[in-house]
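Asker: Next comes data.txt, compact mmCIF, C-alpha atoms:
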# COMPACT_ATOMS: atom_id res chain seq x y z
CA GLU E 1 86.68 197.75 92.83
CA ALA E 2 89.37 197.64 90.15
CA THR E 3 90.22 201.22 91.09
CA HIS E 4 90.35 200.16 94.73
CA LEU E 5 92.83 197.43 93.86
CA ASP E 6 94.97 199.85 91.84
CA SER E 7 95.16 202.13 94.85
CA LEU E 8 96.29 199.23 97.03
CA VAL E 9 99.00 198.29 94.54
CA GLU E 10 100.15 201.90 94.18
CA ASP E 11 100.21 202.28 97.95
CA GLY E 12 102.33 199.12 98.13
CA TYR E 13 104.87 200.55 95.68
CA GLN E 14 105.08 203.81 97.61
CA HIS E 15 105.88 202.01 100.84
CA ARG E 16 108.05 199.40 99.05
CA ARG E 17 106.27 196.68 100.98
CA ARG E 18 102.86 196.71 102.56
CA HIS E 19 102.24 193.33 104.15
CA VAL E 20 98.78 191.82 103.73
CA SER E 21 98.47 191.61 107.52
CA GLU E 22 98.27 195.42 107.57
CA LEU E 23 95.07 195.55 105.52
CA SER E 24 91.94 196.82 107.15
CA GLY E 25 88.89 194.60 107.55
CA SER E 26 87.13 196.10 104.53
CA GLU E 27 90.26 195.81 102.39
CA ALA E 28 90.71 192.18 103.39
CA ALA E 29 87.07 191.45 102.57
CA PHE E 30 87.53 193.00 99.13
CA LEU E 31 90.76 191.10 98.56
CA SER E 32 89.04 187.85 99.50
CA ARG E 33 86.37 188.42 96.84
CA PHE E 34 88.98 189.43 94.30
CA VAL E 35 91.13 186.31 94.60
CA ALA E 36 88.06 184.10 94.55
CA VAL E 37 87.07 185.25 91.04
CA ASN E 38 90.44 186.13 89.47
CA THR E 39 91.74 182.84 88.06
CA GLN E 40 94.79 184.55 86.51
CA LEU E 41 96.30 185.57 89.82
CA GLN E 42 99.51 183.64 90.47
CA SER E 43 100.87 185.05 93.73
CA LEU E 44 99.86 187.29 96.58
CA GLY E 45 101.71 188.36 99.70
CA GLY E 46 104.52 185.90 99.09
CA LEU E 47 102.22 182.91 98.59
CA SER E 48 102.18 181.09 95.29
CA LEU E 49 100.94 177.77 94.00
CA LYS E 50 102.15 176.15 90.81
CA GLU E 51 99.64 174.17 88.84
CA GLY E 52 100.16 170.43 88.98
CA ALA E 53 101.84 170.49 92.39
CA SER E 54 101.24 167.28 94.32
CA LYS E 55 101.85 168.82 97.75
CA TRP E 56 100.99 171.92 99.71
CA ASN E 57 103.45 172.87 102.40
CA LEU E 58 102.55 176.29 103.74
CA LYS E 59 103.60 175.96 107.37
CA SER E 60 103.11 179.18 109.31
CA ARG E 61 102.35 181.26 106.24
CA ILE E 62 98.67 182.04 106.67
CA LEU E 63 99.41 182.96 110.26
CA GLU E 64 101.13 186.07 108.91
CA TRP E 65 97.82 187.29 107.52
CA LYS E 66 95.77 189.22 110.01
CA HIS E 67 92.64 188.58 107.93
CA LYS E 68 93.24 184.98 106.92
CA HIS E 69 90.09 184.56 104.83
CA ALA E 70 91.82 186.28 101.93
CA ALA E 71 94.74 183.88 102.18
CA ILE E 72 92.51 180.82 102.40
CA ALA E 73 90.41 181.93 99.45
CA PHE E 74 93.56 182.57 97.45
CA ILE E 75 95.10 179.18 98.21
CA LEU E 76 91.96 177.19 97.52
CA THR E 77 91.13 179.13 94.37
CA ARG E 78 94.57 178.72 92.88
CA ALA E 79 94.70 175.05 93.82
CA GLY E 80 91.81 174.44 91.48
CA ARG E 81 90.69 170.84 91.36
CA GLU E 82 94.01 169.08 91.02
CA GLU E 83 93.12 165.40 90.89
CA SER E 84 96.76 164.50 91.53
CA LEU E 85 96.98 166.41 94.83
CA SER E 86 98.05 163.88 97.44
CA ASP E 87 99.47 165.72 100.47
CA ILE E 88 98.23 168.81 102.32
CA TYR E 89 100.38 170.35 105.06
CA LEU E 90 98.83 173.38 106.78
CA ARG E 91 100.38 173.10 110.25
CA GLU E 92 100.08 175.96 112.75
CA ASN E 93 98.03 178.29 110.60
CA ASN E 94 95.19 179.18 112.99
CA LEU E 95 92.52 178.18 110.46
CA GLY E 96 89.81 178.13 113.11
CA LEU E 97 86.18 177.17 112.51
CA SER E 98 85.74 179.10 109.26
CA GLY E 99 89.04 177.95 107.76
CA GLY E 100 88.39 174.32 108.66
CA ALA E 101 84.91 174.46 107.15
CA LEU E 102 86.17 176.12 103.96
CA LEU E 103 88.94 173.56 103.59
CA GLY E 104 86.45 170.76 104.11
CA GLU E 105 84.19 172.11 101.38
CA TRP E 106 87.10 172.40 98.99
CA MET E 107 88.23 168.81 99.63
CA THR E 108 84.85 167.37 98.66
CA GLY E 109 85.40 164.55 96.21
CA LEU E 110 89.21 164.71 96.30
CA ALA E 111 89.85 161.00 96.82
CA SER E 112 93.52 161.38 95.85
CA ILE E 113 94.53 162.92 99.19
CA ARG E 114 96.76 160.61 101.24
CA THR E 115 98.10 163.03 103.89
CA LEU E 116 96.21 165.74 105.74
CA ASP E 117 98.26 167.61 108.36
CA LEU E 118 96.37 170.31 110.27
CA TYR E 119 98.40 170.26 113.48
CA ASN E 120 97.63 173.15 115.87
CA ASN E 121 95.04 175.08 113.87
CA ASN E 122 92.55 176.01 116.59
CA LEU E 123 89.71 174.21 114.79
CA GLY E 124 87.71 173.74 117.97
CA ALA E 125 84.77 171.36 118.32
CA GLU E 126 82.69 172.97 115.56
CA GLY E 127 85.57 173.34 113.11
CA SER E 128 86.67 169.74 113.70
CA ALA E 129 83.11 168.54 113.21
CA ALA E 130 82.73 170.55 109.98
CA LEU E 131 85.97 169.10 108.67
CA GLY E 132 85.14 165.61 109.93
CA ARG E 133 81.94 165.51 107.90
CA LYS E 134 84.06 165.84 104.74
CA LEU E 135 86.81 163.42 105.74
CA ARG E 136 84.59 160.45 104.96
CA GLU E 137 85.08 161.26 101.28
CA LEU E 138 88.88 160.89 101.53
CA THR E 139 88.81 157.14 101.05
CA ASN E 140 92.55 156.90 100.29
CA LEU E 141 93.69 158.88 103.33
CA GLN E 142 96.71 157.26 104.97
CA ARG E 143 97.98 159.87 107.46
CA LEU E 144 95.78 162.22 109.50
CA GLN E 145 97.35 164.76 111.87
CA LEU E 146 94.80 166.71 113.96
CA SER E 147 96.68 167.15 117.25
CA CYS E 148 96.30 170.38 119.25
CA ASN E 149 92.92 171.46 117.84
CA GLN E 150 90.61 171.41 120.91
CA MET E 151 88.31 168.91 119.21
CA GLY E 152 86.40 167.93 122.31
CA VAL E 153 83.71 165.26 122.41
CA GLU E 154 81.64 166.77 119.59
CA GLY E 155 84.54 166.82 117.15
CA CYS E 156 85.55 163.27 118.10
CA ALA E 157 82.01 161.98 117.56
CA VAL E 158 81.94 163.27 113.98
CA LEU E 159 85.51 162.18 113.33
CA GLY E 160 84.68 158.70 114.60
CA MET E 161 81.94 158.36 112.00
CA ALA E 162 84.33 159.53 109.27
CA LEU E 163 87.07 157.09 110.28
CA ARG E 164 84.75 154.18 109.56
CA LEU E 165 85.04 155.14 105.88
CA THR E 166 88.83 155.55 105.72
CA PRO E 167 90.00 151.92 105.55
CA ASN E 168 93.48 152.85 104.29
CA LEU E 169 94.40 155.03 107.27
CA ALA E 170 97.78 153.99 108.72
CA LYS E 171 98.70 156.86 111.08
CA LEU E 172 96.34 158.84 113.32
CA PHE E 173 97.51 161.76 115.49
CA LEU E 174 94.96 163.18 117.95
CA SER E 175 96.99 164.32 120.97
CA ASN E 176 96.05 167.43 123.00
CA ASN E 177 92.41 167.61 121.97
CA ASP E 178 90.37 167.49 125.21
CA VAL E 179 89.01 164.11 124.15
CA GLY E 180 88.14 162.65 127.57
CA ASP E 181 86.45 159.28 128.06
CA LEU E 182 83.47 160.04 125.82
CA GLY E 183 85.61 161.24 122.93
CA SER E 184 88.03 158.33 123.17
CA THR E 185 85.09 155.92 123.24
CA ALA E 186 83.76 157.48 120.02
CA ILE E 187 87.17 157.07 118.38
CA ALA E 188 87.51 153.53 119.70
CA ALA E 189 84.20 152.49 118.15
CA ALA E 190 85.55 153.39 114.71
CA LEU E 191 88.97 151.77 114.96
CA SER E 192 87.77 148.27 114.17
CA HIS E 193 86.99 149.57 110.66
CA VAL E 194 90.60 150.72 110.17
CA GLN E 195 92.34 147.37 110.04
CA GLY E 196 95.58 148.72 108.58
CA LEU E 197 96.22 151.24 111.37
CA GLN E 198 99.88 151.21 112.40
CA LEU E 199 100.14 154.20 114.77
CA ILE E 200 97.75 156.04 117.05
CA GLN E 201 98.60 158.99 119.30
CA LEU E 202 96.12 160.15 121.96
CA SER E 203 98.44 161.70 124.55
CA SER E 204 97.35 164.55 126.86
CA ASN E 205 93.62 164.10 126.36
CA GLY E 206 92.21 163.60 129.85
CA ILE E 207 91.37 159.96 129.08
CA GLY E 208 90.44 157.98 132.18
CA CYS E 209 89.94 154.32 132.99
CA GLN E 210 86.73 153.88 130.98
CA GLY E 211 88.21 155.49 127.89
CA ALA E 212 91.30 153.27 128.13
CA ILE E 213 89.15 150.15 128.44
CA ALA E 214 87.13 151.14 125.37
CA LEU E 215 90.32 151.74 123.41
CA ALA E 216 91.79 148.43 124.54
CA ALA E 217 88.75 146.54 123.29
CA SER E 218 89.12 148.08 119.81
CA LEU E 219 92.91 147.96 119.57
CA SER E 220 92.92 144.20 120.15
CA SER E 221 91.52 143.68 116.62
CA LEU E 222 94.23 145.75 114.91
CA HIS E 223 96.89 143.26 113.86
CA SER E 224 99.11 145.81 112.07
CA LEU E 225 99.39 148.18 115.03
CA GLN E 226 103.00 149.10 115.80
CA GLU E 227 102.85 152.15 118.07
CA ILE E 228 100.45 153.44 120.74
CA ALA E 229 100.98 156.76 122.55
CA LEU E 230 98.68 157.45 125.51
CA SER E 231 101.01 159.38 127.81
CA ARG E 232 99.81 162.08 130.21
CA ASN E 233 96.27 160.79 130.64
CA GLN E 234 94.52 159.36 133.70
CA ILE E 235 94.00 155.70 132.84
CA GLY E 236 95.08 154.33 136.25
CA ALA E 237 95.82 150.72 137.20
CA GLU E 238 92.60 149.27 135.76
CA GLY E 239 93.02 151.03 132.42
CA GLY E 240 96.66 149.98 132.34
CA ALA E 241 95.67 146.36 132.98
CA ALA E 242 93.26 146.45 130.03
CA LEU E 243 95.98 147.77 127.73
CA ALA E 244 98.49 145.23 129.02
CA GLN E 245 96.03 142.50 128.09
CA VAL E 246 95.78 143.95 124.57
CA MET E 247 99.55 143.87 124.24
CA GLN E 248 99.55 140.10 124.54
CA HIS E 249 97.36 139.78 121.45
CA THR E 250 98.97 142.53 119.33
CA LEU E 251 102.15 140.83 118.25
CA SER E 252 103.07 143.60 115.80
CA LEU E 253 103.34 146.19 118.60
CA ASN E 254 106.86 147.59 119.09
CA THR E 255 106.29 150.89 120.98
CA LEU E 256 103.91 151.71 123.83
CA ASP E 257 104.03 155.03 125.71
CA LEU E 258 101.94 155.18 128.90
CA GLY E 259 104.01 157.66 130.88
CA TYR E 260 102.31 159.85 133.52
CA ASN E 261 99.13 157.78 133.92
CA ASN E 262 99.12 156.74 137.59
CA ILE E 263 99.25 153.07 136.66
CA ALA E 264 101.04 152.22 139.94
CA GLU E 265 102.47 148.89 141.08
CA ALA E 266 99.29 146.90 140.39
CA GLY E 267 99.45 147.79 136.72
CA CYS E 268 103.16 147.05 136.55
CA TRP E 269 102.61 143.33 137.20
CA HIS E 270 100.21 143.13 134.25
CA PHE E 271 102.83 144.67 131.95
CA ALA E 272 105.48 142.25 133.20
CA ARG E 273 103.32 139.33 132.00
CA ALA E 274 102.54 141.05 128.68
CA VAL E 275 106.17 141.93 127.90
CA ASN E 276 107.15 138.32 128.47
CA VAL E 277 104.87 137.30 125.57
CA LEU E 278 105.76 140.03 123.09
CA SER E 279 108.84 139.34 121.02
CA HIS E 280 108.55 142.48 118.88
CA LEU E 281 108.18 145.06 121.67
CA LYS E 282 111.15 147.43 121.60
CA GLN E 283 110.08 150.35 123.79
CA LEU E 284 107.78 150.58 126.79
CA CYS E 285 107.47 153.89 128.62
CA LEU E 286 105.95 153.75 132.10
CA GLU E 287 107.63 156.90 133.37
CA GLU E 288 106.17 158.65 136.43
CA ASN E 289 103.56 155.99 137.21
CA GLY E 290 104.49 155.38 140.85
CA ILE E 291 106.24 152.09 140.07
CA LYS E 292 109.67 152.79 141.56
CA SER E 293 108.51 152.18 145.11
CA ASP E 294 107.66 148.52 144.32
CA TRP E 295 111.01 146.96 143.47
CA GLU E 296 109.56 143.46 143.10
CA ALA E 297 107.22 144.63 140.33
CA ALA E 298 109.98 146.63 138.69
CA ARG E 299 112.35 143.65 138.87
CA ALA E 300 109.73 141.38 137.29
CA LEU E 301 109.25 143.86 134.47
CA TYR E 302 113.01 144.15 133.97
CA SER E 303 113.40 140.39 133.84
CA ALA E 304 110.53 140.00 131.36
CA ALA E 305 112.14 142.59 129.12
CA GLY E 306 115.27 140.47 128.83
CA GLY E 307 117.34 142.00 131.60
CA SER E 308 120.81 142.91 130.43
CA ASN E 309 120.11 141.31 127.05
CA ASN E 310 118.07 144.41 126.17
CA LYS E 311 115.17 142.65 124.49
CA CYS E 312 113.03 145.72 125.23
CA TRP E 313 113.93 149.23 126.41
CA ILE E 314 111.80 150.22 129.41
CA ARG E 315 111.62 153.60 131.08
CA PHE E 316 109.97 154.02 134.49
Here is a file; write its structure as structure tokens.
Answerer:
Amino acid sequence: EATHLDSLVEDGYQHRRRHVSELSGSEAAFLSRFVAVNTQLQSLGGLSLKEGASKWNLKSRILEWKHKHAAIAFILTRAGREESLSDIYLRENNLGLSGGALLGEWMTGLASIRTLDLYNNNLGAEGSAALGRKLRELTNLQRLQLSCNQMGVEGCAVLGMALRLTPNLAKLFLSNNDVGDLGSTAIAAALSHVQGLQLIQLSSNGIGCQGAIALAASLSSLHSLQEIALSRNQIGAEGGAALAQVMQHTLSLNTLDLGYNNIAEAGCWHFARAVNVLSHLKQLCLEENGIKSDWEAARALYSAAGGSNNKCWIRF
């Protein structure tokens, strides 16, 4: 195998640059084994990791590797077991099921991690579940970005169990994940254990009335919550009414985005009453909810928001 590697290196010199994405499947498999056992290797294909680094920021780098297992093995091997590692950014790297599972195994016992950003990595339900089973060990996690990963109900169920053991979580991003009512209910059941949560994003998830009601019941106990994003779902007037009720008891809330949810005029009246109570609310988005046709409801909402005094910016 050493001879095989020499031939790869020599071939690379002859062509000046042979990108790792051009390796065949067998070559990539060999390379994966090589980087896993060679602790002296410092860089490969433009990727490097200095010992003692507190952050990884490899956005869109693994995506360049046609056979990403070699890249993942390299990164995780060279990272070692840095107890000081606090932030991991691997956005848009197409990790998939295998990459998510491998990353989860590597993170076992790393309680120092505060930020985990895996935006748009095609984890799927199984990959999200495999990763979720390891998240419960990240007891100091403060920011979790898992948007655009097709988590589905299965992934949300496992994630919900993990969230119960992350009491320090402040920001949770789960938009574009095919969550639906069942998935949002699983997440909602865990939120009461995350008392310090400040921001939650669940936009574009196919959440209906029942999911919104479940979320509203949990969000009412979060007294540090500042921002809720639930745009482009299907919560309707009844779901909107439940969230409006929550607003009246969440005095820390300053931003609420419920655009494109078919809340209609009936829901608008509930928000008018809620906005009148909230002194900290700065932004309320009710765009494309069928409210414009009911000028009385819109006028009531405008008046509650402070009218021309601009107490709260409202878009509808």
Asker: Rank E:Asn177, E:Ala266, E:Ala272, E:Leu284 by their smallest atom-to-atom distance to Ile228 of chain E, using all atoms listed in the file, and report the top residue only.
Answerer: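 Smallest distance to Ile228 of chain E is found for E:Leu284.
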Asker: Determine the nearest neighbour of Ala216 of chain E from the options E:Ile200, E:Leu191, E:Val246, E:Gly240, counting only C-alpha atoms.
Answerer: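 Ranked by minimum distance to Ala216 of chain E, first place goes to E:Val246.
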Asker: Counting only C-alpha atoms, which residue out of E:Leu256, E:Val194, E:Ile263, E:Ala157 sits closest to Ile291 of chain E?
Answerer: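 Going through E:Leu256, E:Val194, E:Ile263, E:Ala157 one by one, the smallest distance to Ile291 of chain E is for E:Ile263.
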Asker: Go ahead and find all residues with at least one atom no further than 9 Å from (98.5, 160.0, 134.4) in the file's coordinates, using all atoms listed in the file; report them as a ChimeraX atom specification.
Answerer: /E:204,206-208,231-236,258-263,288-289
Asker: Name the residues in contact with Gln145 of chain E at a cut-off of 9 Å, using all atoms listed in the file, excluding same-chain residues fewer than 5 positions from it; report them as a ChimeraX atom specification.
Answerer: /E:115-119,171-174
Asker: Restricting the calculation to all atoms listed in the file: of E:Gly183, E:Gly109, E:Pro167, E:Gly124, which residue gets closest to Gln195 of chain E?
Answerer: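 Comparing E:Gly183, E:Gly109, E:Pro167, E:Gly124 against Gln195 of chain E, the winner is E:Pro167.
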Asker: For atom CA of Arg133 of chain E and atom CA of Leu219 of chain E, determine how far apart the two atoms are, in Å to one decimal place.
Answerer: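 Computing the Euclidean distance for atom CA of Arg133 of chain E and atom CA of Leu219 of chain E yields 23.8 Å.
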Asker: Identify which of the residues E:Leu301, E:Leu141, E:Leu123, E:Cys209 lies closest to Asp87 of chain E, counting only C-alpha atoms when measuring atom-to-atom distances.
Answerer: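 Answer, going by the shortest atom-to-atom distance: E:Leu141.
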Asker: Separation of atom CA of Ser175 of chain E and atom CA of Ala229 of chain E, in Å?
Answerer: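 For atom CA of Ser175 of chain E relative to atom CA of Ala229 of chain E, the distance reads 8.7 Å.
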